[in-house]
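J.: If you scroll down you'll find the structure; I have some questions about it.
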Amino acid sequence: MSQSETVQRDPARGGRVKRFFTNQTQYDFIGRSRTWALASVVLVALSLVGVFGPGLNFGIDFTGGTSFIVTGADGGFTAADLREVVLGTGVEEVSAQVVNDGEGAMITTPSIGEVAGEEQSRVLDAIAEATGVERDDIDVSAVGPRWGRQISRQALEGLIAFLVLVALYIALRFEWRMAVAALVTLAHDVLVTVGVYALVGFQVTPASVIALLTILGYSLYDTVVVFDRVTEDTARITSVSTRTYGEVANTALNEVLVRSLSTSITSLLPVGSLLFIGANLLGADTLRDLALALFVGMAIGTYSSIFVATPTLVWLKERDPKFAEIKNKVETRRGRKA
Amino acid sequence: MRRGSLAAGLIASLAVVTALWAVILGLGMKPQLGLDLQGGVSITLIPAPGQGDIDEAILEQTVQVIRQRIDALGVAEPDIARQGDTVLVQLPGVADREQAEEVIGRTAVLQFRRVLEVIPAGSDTYATTGKPCDELQAGPPPETEEVVLCERTFSGEGTPENPGYLPAAEWTKYRLGQVELSGDDVTDARAVPDPMTGINWQVNLELDKDGAEKFAQVTGTLACEPEGSTLRQMAIVLDGVVESAPSMDPGVICNQGIIGGEAVITTGGGADDAKSLALVLRTGALPIQLEFAQSQSVSPTLGSASLQAGLLAGLIGLILVAIYMVLLYRGLGVAAVAELLVFGAVVYGLIVVLGDTVGFTLTLAGIAGIIVSVGIAADSSIIYRERYRDEIRAGRTIRTAADHAFRKSWRTNLTGNTVSFLAAAVLYVLAVGPVRGFAFTLGLSTLIDTLIFGTFTQSLFGLIARTPKLAQSPLMGLRAEVIAPDAVGAGKGGAR
């Protein structure tokens, strides 16, 4: 950046981007909270439609199933060929995918007999023959149906334990209203992330569940950082204050706006590169699934810490007699002035 | 804070990082890679449904049996762990998944056989009789034939809590007759103190009706052999290994044997010996049926491709974040990149050290955890810098702004990271498999982030703010004119 720009004093010449990044903006988040609430309600409604309509597309780790990964093949076969030979062994449902001009392939089936059983062995033979790869060189991942239920249950238990702990922590560190607002935000984030998965039809794998839990942590972290600032600023409100809780909270939001955006960008950059690199690699599904869910979730988490968490908090707070009274006074005073 | 103590903090934190890496490079430590990164077979077993409550001790013994078989398979560094009722078997570098599945999947069989001959290690016929003791058994020993099996032999050097065994190649061999009784005939086995003396321990064995008859017959035959002869002994075999070979008591009558379906085995040792024998008997009598919940094989090529992809993604992510930070904060951004590098060096260094010392394995999910933590680390730097800008806008001098900003952002960092750490800890405690690796690296990164923020970051920022040449340079991005052109001298946030 040149010297002439750095000493510039006229904000009007600073340009929108620069003004934004040097925190000289005052957006009215709280005043327009009804608009944003409507947007969130629409998002949540769409998500519910997604979950109860098309439903979630659970991967084999939840439903049980087997996937075969072929690497180092010489090509000469198509996904349709592979489907056909596997169907020929008596398996009822097969999906196949060929990558890098037949250098590798991935074939997924629902549970075939027992894990490590005879049926699995037959399918393995068929794939080995069709692709010309040694049987031992085909990577197999098989999951029994009961296992999926078990890990789903564990994930749910983890979620509940986490929510209880976090609600307690926020209630102790700040206050109960913030704990409620944080939980509302969290519910919003989870619903919308799950909704995106249902509507787009992304496959739900254990990695997506890990990611979902991380998103919860991330979204809360974001919310807590914002609340930290709101607490600090609103501590100065007294009964003779000229500004309402909502207005002070709005200023606090503006103060942390650049931080929220910058943090989202710096978090999304590594996740984005993970997504990009993982997309072209067979077997690195863990990376890709994780990155995808994180990408979706982090974006939603950033949105909600600004547009859901604080408006909810302000709504709760202004029902507190103390702050309701201040708001009343401030508005009366302004009314007289007008 | 004084300049001197800030400089000391900076030097100390750099010294710690240097020392960490000196140890790693000096000792040639390498991270322990998970199966998904180095290739291998991973199998998860869970008890088959309909077995009611699972007996902890029997499950542990069952896992012990699986461990034995894998040792015999000759896998380097197998990892067999139990989490609740779930058994996780990780076999790095194993290519033959089907053999591994066969070895792990079969249920342990308990057999009672007559002892025909005892061949201790070192005797003339030891090498030529039967198979070497450290070789893998192919399935349970045949029931109707004579077999040569090995006895788990004490080295005599262990402690009572942890009895040491000789290497399997030196175990005593037994030539054994056909199977007289099996696990099906046993109803229960319990270790109890000797009711007469109360000092020595014994195992009370209970048999069902069918078993009682067979037992009476075989013990009757054994009792006719001369006292002191090995032919009076009966071997208890679990999964092809002789666990004990008690001799008939002189009080047992020839051709009558032990009747009534109840027998007492005195081990001659204390409570531990008796309890472990009782457990062996119960494991054979009431075996836990384990079924494969999940089985996965990863070829070494696929593993190293994943590792490279993960590292590359991390590197690209780090570079992009660095560019963003420098664009946004100029010189302070460069300092932020230094903070990120220190953070990365400590996190990766600790993962290497933990891998080498306590066997922490880095998996693909773990790498993802590290990549996510880059965002967390960057956020700490951002919060500090944004705070600093706020303080400058409020009209503070560079030095006091830096100090105020640190105090406030330090509190935010603690609060935020507590939440992240809680998330990681809950995940770690409740999850299985890959999720744990992810939670561990995430939790570790969160801790290190707070640690570095309190030491390196504080010192670096503080020193820059106290060095007039740096602080006044427009390139550094500390001066008010750069951050808030219109707000110089004005109050915060404008008039309302």
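Residues in the structure tokens are named by chain (A, B, ... in the order shown) and by number from 1 within that chain; ligands are numbered from 1 in the order shown.
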Give the helix (DSSP H, G or I) residues of range 182-298 of chain B, as DSSP finds them on the backbone, and put them as a ChimeraX atom specification.
T.: /B:183-185,209-223,230-232,271-285
J.: Write the residues you've just listed into a file as a JSON list (two decimals), in the first residue's frame, and include N, CA and C atoms for each of them.
T.:
```
[["chain", "number", "residue", "atom", "x", "y", "z"],
["B", 183, "GLY", "N", -15.56, -77.15, 26.90],
["B", 183, "GLY", "CA", -16.16, -76.00, 27.57],
["B", 183, "GLY", "C", -17.66, -76.17, 27.79],
["B", 184, "ASP", "N", -18.32, -76.90, 26.88],
["B", 184, "ASP", "CA", -19.77, -77.09, 26.99],
["B", 184, "ASP", "C", -20.16, -77.82, 28.27],
["B", 185, "ASP", "N", -19.23, -78.66, 28.79],
["B", 185, "ASP", "CA", -19.55, -79.46, 29.96],
["B", 185, "ASP", "C", -19.42, -78.68, 31.26],
["B", 209, "LYS", "N", -24.60, -82.36, 34.09],
["B", 209, "LYS", "CA", -24.82, -83.79, 34.35],
["B", 209, "LYS", "C", -23.95, -84.65, 33.42],
["B", 210, "ASP", "N", -24.01, -84.31, 32.16],
["B", 210, "ASP", "CA", -23.25, -85.03, 31.15],
["B", 210, "ASP", "C", -21.75, -84.94, 31.46],
["B", 211, "GLY", "N", -21.32, -83.73, 31.76],
["B", 211, "GLY", "CA", -19.90, -83.48, 32.05],
["B", 211, "GLY", "C", -19.46, -84.24, 33.29],
["B", 212, "ALA", "N", -20.35, -84.30, 34.29],
["B", 212, "ALA", "CA", -20.01, -84.97, 35.54],
["B", 212, "ALA", "C", -19.68, -86.45, 35.29],
["B", 213, "GLU", "N", -20.48, -87.07, 34.43],
["B", 213, "GLU", "CA", -20.25, -88.49, 34.13],
["B", 213, "GLU", "C", -18.91, -88.70, 33.45],
["B", 214, "LYS", "N", -18.66, -87.86, 32.42],
["B", 214, "LYS", "CA", -17.40, -87.99, 31.68],
["B", 214, "LYS", "C", -16.22, -87.72, 32.61],
["B", 215, "PHE", "N", -16.39, -86.74, 33.49],
["B", 215, "PHE", "CA", -15.31, -86.33, 34.38],
["B", 215, "PHE", "C", -14.98, -87.46, 35.37],
["B", 216, "ALA", "N", -16.04, -88.08, 35.92],
["B", 216, "ALA", "CA", -15.84, -89.18, 36.86],
["B", 216, "ALA", "C", -15.06, -90.31, 36.18],
["B", 217, "GLN", "N", -15.42, -90.60, 34.94],
["B", 217, "GLN", "CA", -14.77, -91.69, 34.22],
["B", 217, "GLN", "C", -13.29, -91.41, 33.99],
["B", 218, "VAL", "N", -12.99, -90.23, 33.47],
["B", 218, "VAL", "CA", -11.59, -89.96, 33.14],
["B", 218, "VAL", "C", -10.74, -89.81, 34.40],
["B", 219, "THR", "N", -11.28, -89.19, 35.44],
["B", 219, "THR", "CA", -10.49, -89.05, 36.66],
["B", 219, "THR", "C", -10.28, -90.41, 37.30],
["B", 220, "GLY", "N", -11.29, -91.31, 37.17],
["B", 220, "GLY", "CA", -11.15, -92.67, 37.69],
["B", 220, "GLY", "C", -9.98, -93.37, 37.03],
["B", 221, "THR", "N", -9.85, -93.23, 35.72],
["B", 221, "THR", "CA", -8.74, -93.86, 34.99],
["B", 221, "THR", "C", -7.40, -93.25, 35.42],
["B", 222, "LEU", "N", -7.38, -91.91, 35.50],
["B", 222, "LEU", "CA", -6.14, -91.22, 35.86],
["B", 222, "LEU", "C", -5.64, -91.64, 37.24],
["B", 223, "ALA", "N", -6.59, -91.84, 38.18],
["B", 223, "ALA", "CA", -6.24, -92.15, 39.56],
["B", 223, "ALA", "C", -5.56, -93.51, 39.69],
["B", 230, "THR", "N", 3.40, -88.37, 35.25],
["B", 230, "THR", "CA", 2.72, -87.32, 34.48],
["B", 230, "THR", "C", 1.39, -87.84, 33.96],
["B", 231, "LEU", "N", 1.23, -89.16, 33.96],
["B", 231, "LEU", "CA", -0.02, -89.74, 33.44],
["B", 231, "LEU", "C", -1.21, -89.47, 34.37],
["B", 232, "ARG", "N", -0.91, -89.01, 35.60],
["B", 232, "ARG", "CA", -2.00, -88.63, 36.51],
["B", 232, "ARG", "C", -2.50, -87.21, 36.23],
["B", 271, "ALA", "N", -4.15, -65.99, 45.39],
["B", 271, "ALA", "CA", -5.44, -65.64, 44.81],
["B", 271, "ALA", "C", -5.34, -65.37, 43.31],
["B", 272, "ASP", "N", -4.24, -64.74, 42.89],
["B", 272, "ASP", "CA", -4.11, -64.35, 41.48],
["B", 272, "ASP", "C", -4.11, -65.56, 40.56],
["B", 273, "ASP", "N", -3.31, -66.57, 40.94],
["B", 273, "ASP", "CA", -3.24, -67.79, 40.13],
["B", 273, "ASP", "C", -4.61, -68.43, 40.00],
["B", 274, "ALA", "N", -5.28, -68.57, 41.14],
["B", 274, "ALA", "CA", -6.58, -69.24, 41.16],
["B", 274, "ALA", "C", -7.60, -68.45, 40.34],
["B", 275, "LYS", "N", -7.56, -67.12, 40.50],
["B", 275, "LYS", "CA", -8.53, -66.31, 39.76],
["B", 275, "LYS", "C", -8.31, -66.40, 38.26],
["B", 276, "SER", "N", -7.03, -66.40, 37.86],
["B", 276, "SER", "CA", -6.80, -66.42, 36.41],
["B", 276, "SER", "C", -7.18, -67.78, 35.83],
["B", 277, "LEU", "N", -6.99, -68.86, 36.60],
["B", 277, "LEU", "CA", -7.40, -70.17, 36.09],
["B", 277, "LEU", "C", -8.93, -70.26, 36.01],
["B", 278, "ALA", "N", -9.59, -69.73, 37.03],
["B", 278, "ALA", "CA", -11.06, -69.74, 37.03],
["B", 278, "ALA", "C", -11.60, -68.97, 35.82],
["B", 279, "LEU", "N", -10.91, -67.88, 35.50],
["B", 279, "LEU", "CA", -11.33, -67.06, 34.37],
["B", 279, "LEU", "C", -11.14, -67.80, 33.04],
["B", 280, "VAL", "N", -10.03, -68.53, 32.95],
["B", 280, "VAL", "CA", -9.79, -69.34, 31.75],
["B", 280, "VAL", "C", -10.92, -70.35, 31.57],
["B", 281, "LEU", "N", -11.33, -70.99, 32.68],
["B", 281, "LEU", "CA", -12.39, -71.99, 32.61],
["B", 281, "LEU", "C", -13.72, -71.36, 32.24],
["B", 282, "ARG", "N", -14.01, -70.20, 32.85],
["B", 282, "ARG", "CA", -15.28, -69.54, 32.54],
["B", 282, "ARG", "C", -15.33, -69.06, 31.09],
["B", 283, "THR", "N", -14.17, -68.55, 30.60],
["B", 283, "THR", "CA", -14.13, -68.07, 29.22],
["B", 283, "THR", "C", -14.45, -69.21, 28.26],
["B", 284, "GLY", "N", -13.97, -70.42, 28.61],
["B", 284, "GLY", "CA", -14.25, -71.58, 27.76],
["B", 284, "GLY", "C", -15.67, -72.06, 27.92],
["B", 285, "ALA", "N", -16.21, -71.89, 29.15],
["B", 285, "ALA", "CA", -17.55, -72.41, 29.44],
["B", 285, "ALA", "C", -18.63, -71.48, 28.90]]
```
J.: Name the residues in contact with Arg333 in chain A at a cut-off of 12 Å, using only C-alpha atoms, excluding same-chain residues fewer than 2 positions from it; report them as number ranges by chain.
T.: A: 240-244, 326-331, 335-338
J.: With only C-alpha atoms as the counted atoms, please give the residues lying no more than 10 Å from Thr312 in chain A, apart from itself and same-chain residues fewer than 4 positions off, as a PyMOL selection string.
T.: chain A and resi 30+33+37+177-178+180-182+184-185+307-308+316-317
J.: May I have the residues within 8 Å of Ile107 in chain A as a PyMOL selection string, using only C-alpha atoms and disregarding those fewer than 5 positions away in the same chain?
T.: chain A and resi 67-69+82-83+94-97
J.: Excluding range 449-457 of chain B and any residue of its chain fewer than 3 positions from it, enumerate the residues within 6 Å of it, using only C-alpha atoms, and give them as a compact mmCIF listing (two decimals) with N, CA and C atoms, in the first residue's frame.
T.:
```txt
# COMPACT_ATOMS: atom_id res chain seq x y z
N GLY B 9 10.11 -13.52 28.09
CA GLY B 9 9.03 -14.41 27.69
C GLY B 9 9.21 -14.91 26.26
N LEU B 10 9.61 -13.96 25.39
CA LEU B 10 9.79 -14.31 23.98
C LEU B 10 10.92 -15.33 23.83
N SER B 13 9.94 -18.77 25.30
CA SER B 13 9.03 -19.58 24.50
C SER B 13 9.73 -20.12 23.26
N ALA B 377 -6.24 -21.01 15.91
CA ALA B 377 -5.03 -20.26 16.23
C ALA B 377 -5.07 -18.89 15.55
N SER B 445 -4.59 -28.84 20.43
CA SER B 445 -4.35 -27.57 19.75
C SER B 445 -4.94 -26.41 20.54
N THR B 446 -6.14 -26.64 21.11
CA THR B 446 -6.80 -25.57 21.86
C THR B 446 -5.94 -25.17 23.06
N LEU B 460 5.70 -10.97 21.79
CA LEU B 460 6.03 -10.45 20.46
C LEU B 460 5.32 -9.12 20.21
```
J.: Which residues are near range 310-317 of chain B? Cut-off 7 Å, only C-alpha atoms, ignore same chain within fewer than 5 positions. Put them as a VMD selection string.
T.: (chain A and resid 269 to 270 273 to 274 277) or (chain B and resid 367 371)
J.: Could those residues be written to a file, using C-alpha atoms, as a compact mmCIF listing (two decimals), in the first residue's frame?
T.:
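What ended up in result_25.txt:
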```txt
# COMPACT_ATOMS: atom_id res chain seq x y z
CA LEU A 269 -9.30 -21.30 3.87
CA PRO A 270 -7.68 -24.47 5.31
CA SER A 273 -8.10 -26.55 0.62
CA LEU A 274 -8.89 -29.80 2.41
CA ILE A 277 -7.57 -31.77 -2.33
CA ILE B 367 -4.79 -34.36 10.56
CA ILE B 371 -6.17 -28.27 10.00
```
J.: Within 7 Å of range 378-384 of chain B, counting only C-alpha atoms, which residues qualify if same-chain residues fewer than 4 places away don't, as a ChimeraX atom specification?
T.: /A:259,263,266 /B:336,340,374,388,405-406,409,413
J.: Using C-alpha atoms, can you export the residues from the last selection as an mmCIF file, in the first residue's frame?
T.:
```
data_model
loop_
_atom_site.group_PDB
_atom_site.id
_atom_site.type_symbol
_atom_site.label_atom_id
_atom_site.label_comp_id
_atom_site.auth_asym_id
_atom_site.auth_seq_id
_atom_site.Cartn_x
_atom_site.Cartn_y
_atom_site.Cartn_z
ATOM 1 C CA ARG A 259 -13.130 -10.294 13.677
ATOM 2 C CA THR A 263 -11.997 -15.638 11.572
ATOM 3 C CA THR A 266 -9.093 -17.924 8.038
ATOM 4 C CA ALA B 336 0.629 -13.276 13.316
ATOM 5 C CA LEU B 340 0.954 -19.502 13.548
ATOM 6 C CA VAL B 374 -5.258 -23.554 12.260
ATOM 7 C CA TYR B 388 -5.827 -3.407 19.522
ATOM 8 C CA ALA B 405 -5.872 -5.245 24.135
ATOM 9 C CA PHE B 406 -3.890 -8.174 25.467
ATOM 10 C CA SER B 409 -8.417 -10.585 24.345
ATOM 11 C CA ASN B 413 -9.383 -16.418 24.384
#
```
J.: Nearest to chain A: which of B:Leu88, B:Val346, B:Val242, B:Leu320 is it, counting only C-alpha atoms?
T.: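 Smallest separation from chain A among the options: B:Leu320.
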J.: Determine the nearest neighbour of Asn204 in chain B from the options B:Thr267, B:His404, B:Gly240, B:Met234, counting only C-alpha atoms.
T.: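 For Asn204 in chain B, the nearest of the candidates is B:Thr267.
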J.: Measuring between only C-alpha atoms, which one of A:Ala235, A:Val192, A:Ala171, A:Val70 shows the shortest distance to Glu103 in chain A?
T.: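 Under the stated criterion, the closest residue is A:Val70.
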J.: Report, in Å to a single decimal, how far apart CA of Glu60 in chain B and CA of Asn200 in chain B are.
T.: 25.0 Å
J.: Using only C-alpha atoms for the distances, tell me which of A:Gly158, A:Gly148, A:Gly297, A:Gly88 is nearest to Ala425 in chain B.
T.: A:Gly158
J.: Compare A:Val140, A:Val296, A:Leu257, A:Val271 by their minimum atom-to-atom distance to Glu98 in chain B, counting only C-alpha atoms, and give me the closest one.
T.: A:Val140
J.: Based on DSSP run over this structure's backbone, return all residues of range 30-166 of chain A in strand (DSSP E or B), as a PDB file with C-alpha atoms, in the first residue's frame.
T.:
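Output file selection.pdb follows:
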```
ATOM      1  CA  ASN A  57     -28.673 -40.071   2.865  1.00  0.00           C
ATOM      2  CA  PHE A  58     -26.857 -42.233   5.391  1.00  0.00           C
ATOM      3  CA  GLY A  65     -22.565 -52.170   3.907  1.00  0.00           C
ATOM      4  CA  THR A  66     -19.338 -52.820   2.134  1.00  0.00           C
ATOM      5  CA  SER A  67     -17.154 -50.715  -0.066  1.00  0.00           C
ATOM      6  CA  PHE A  68     -14.348 -51.989  -2.273  1.00  0.00           C
ATOM      7  CA  ILE A  69     -11.572 -49.678  -3.384  1.00  0.00           C
ATOM      8  CA  VAL A  70      -9.528 -50.685  -6.392  1.00  0.00           C
ATOM      9  CA  SER A  95     -23.095 -48.318  -6.881  1.00  0.00           C
ATOM     10  CA  ALA A  96     -19.818 -48.029  -8.756  1.00  0.00           C
ATOM     11  CA  GLN A  97     -17.544 -45.180  -9.612  1.00  0.00           C
ATOM     12  CA  VAL A  98     -14.446 -45.220 -11.817  1.00  0.00           C
ATOM     13  CA  VAL A  99     -11.751 -42.557 -11.469  1.00  0.00           C
ATOM     14  CA  GLY A 104      -9.051 -46.810  -9.675  1.00  0.00           C
ATOM     15  CA  ALA A 105     -12.629 -47.584  -8.764  1.00  0.00           C
ATOM     16  CA  MET A 106     -14.919 -47.650  -5.796  1.00  0.00           C
ATOM     17  CA  ILE A 107     -17.823 -50.053  -5.502  1.00  0.00           C
ATOM     18  CA  THR A 108     -20.327 -49.798  -2.680  1.00  0.00           C
ATOM     19  CA  THR A 109     -22.999 -52.298  -1.729  1.00  0.00           C
ATOM     20  CA  PRO A 110     -25.393 -52.606   1.190  1.00  0.00           C
ATOM     21  CA  ASP A 139      -9.107 -52.488  -0.125  1.00  0.00           C
ATOM     22  CA  VAL A 140     -12.292 -53.514   1.588  1.00  0.00           C
ATOM     23  CA  SER A 141     -14.235 -51.639   4.176  1.00  0.00           C
ATOM     24  CA  ALA A 142     -17.172 -53.524   5.635  1.00  0.00           C
ATOM     25  CA  VAL A 143     -19.543 -52.380   8.322  1.00  0.00           C
TER      26      VAL A 143
END
```
J.: Could you please determine the separation between CA of Phe202 in chain A and CA of Gly59 in chain A in Å, to one decimal place?
T.: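 So the answer is 9.4 Å.
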J.: Which residue gives the smallest distance to Thr223 in chain A among B:Thr172, B:Asn417, B:Thr62, B:Gln202, with only C-alpha atoms counted?
T.: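 Answer, going by the shortest atom-to-atom distance: B:Asn417.
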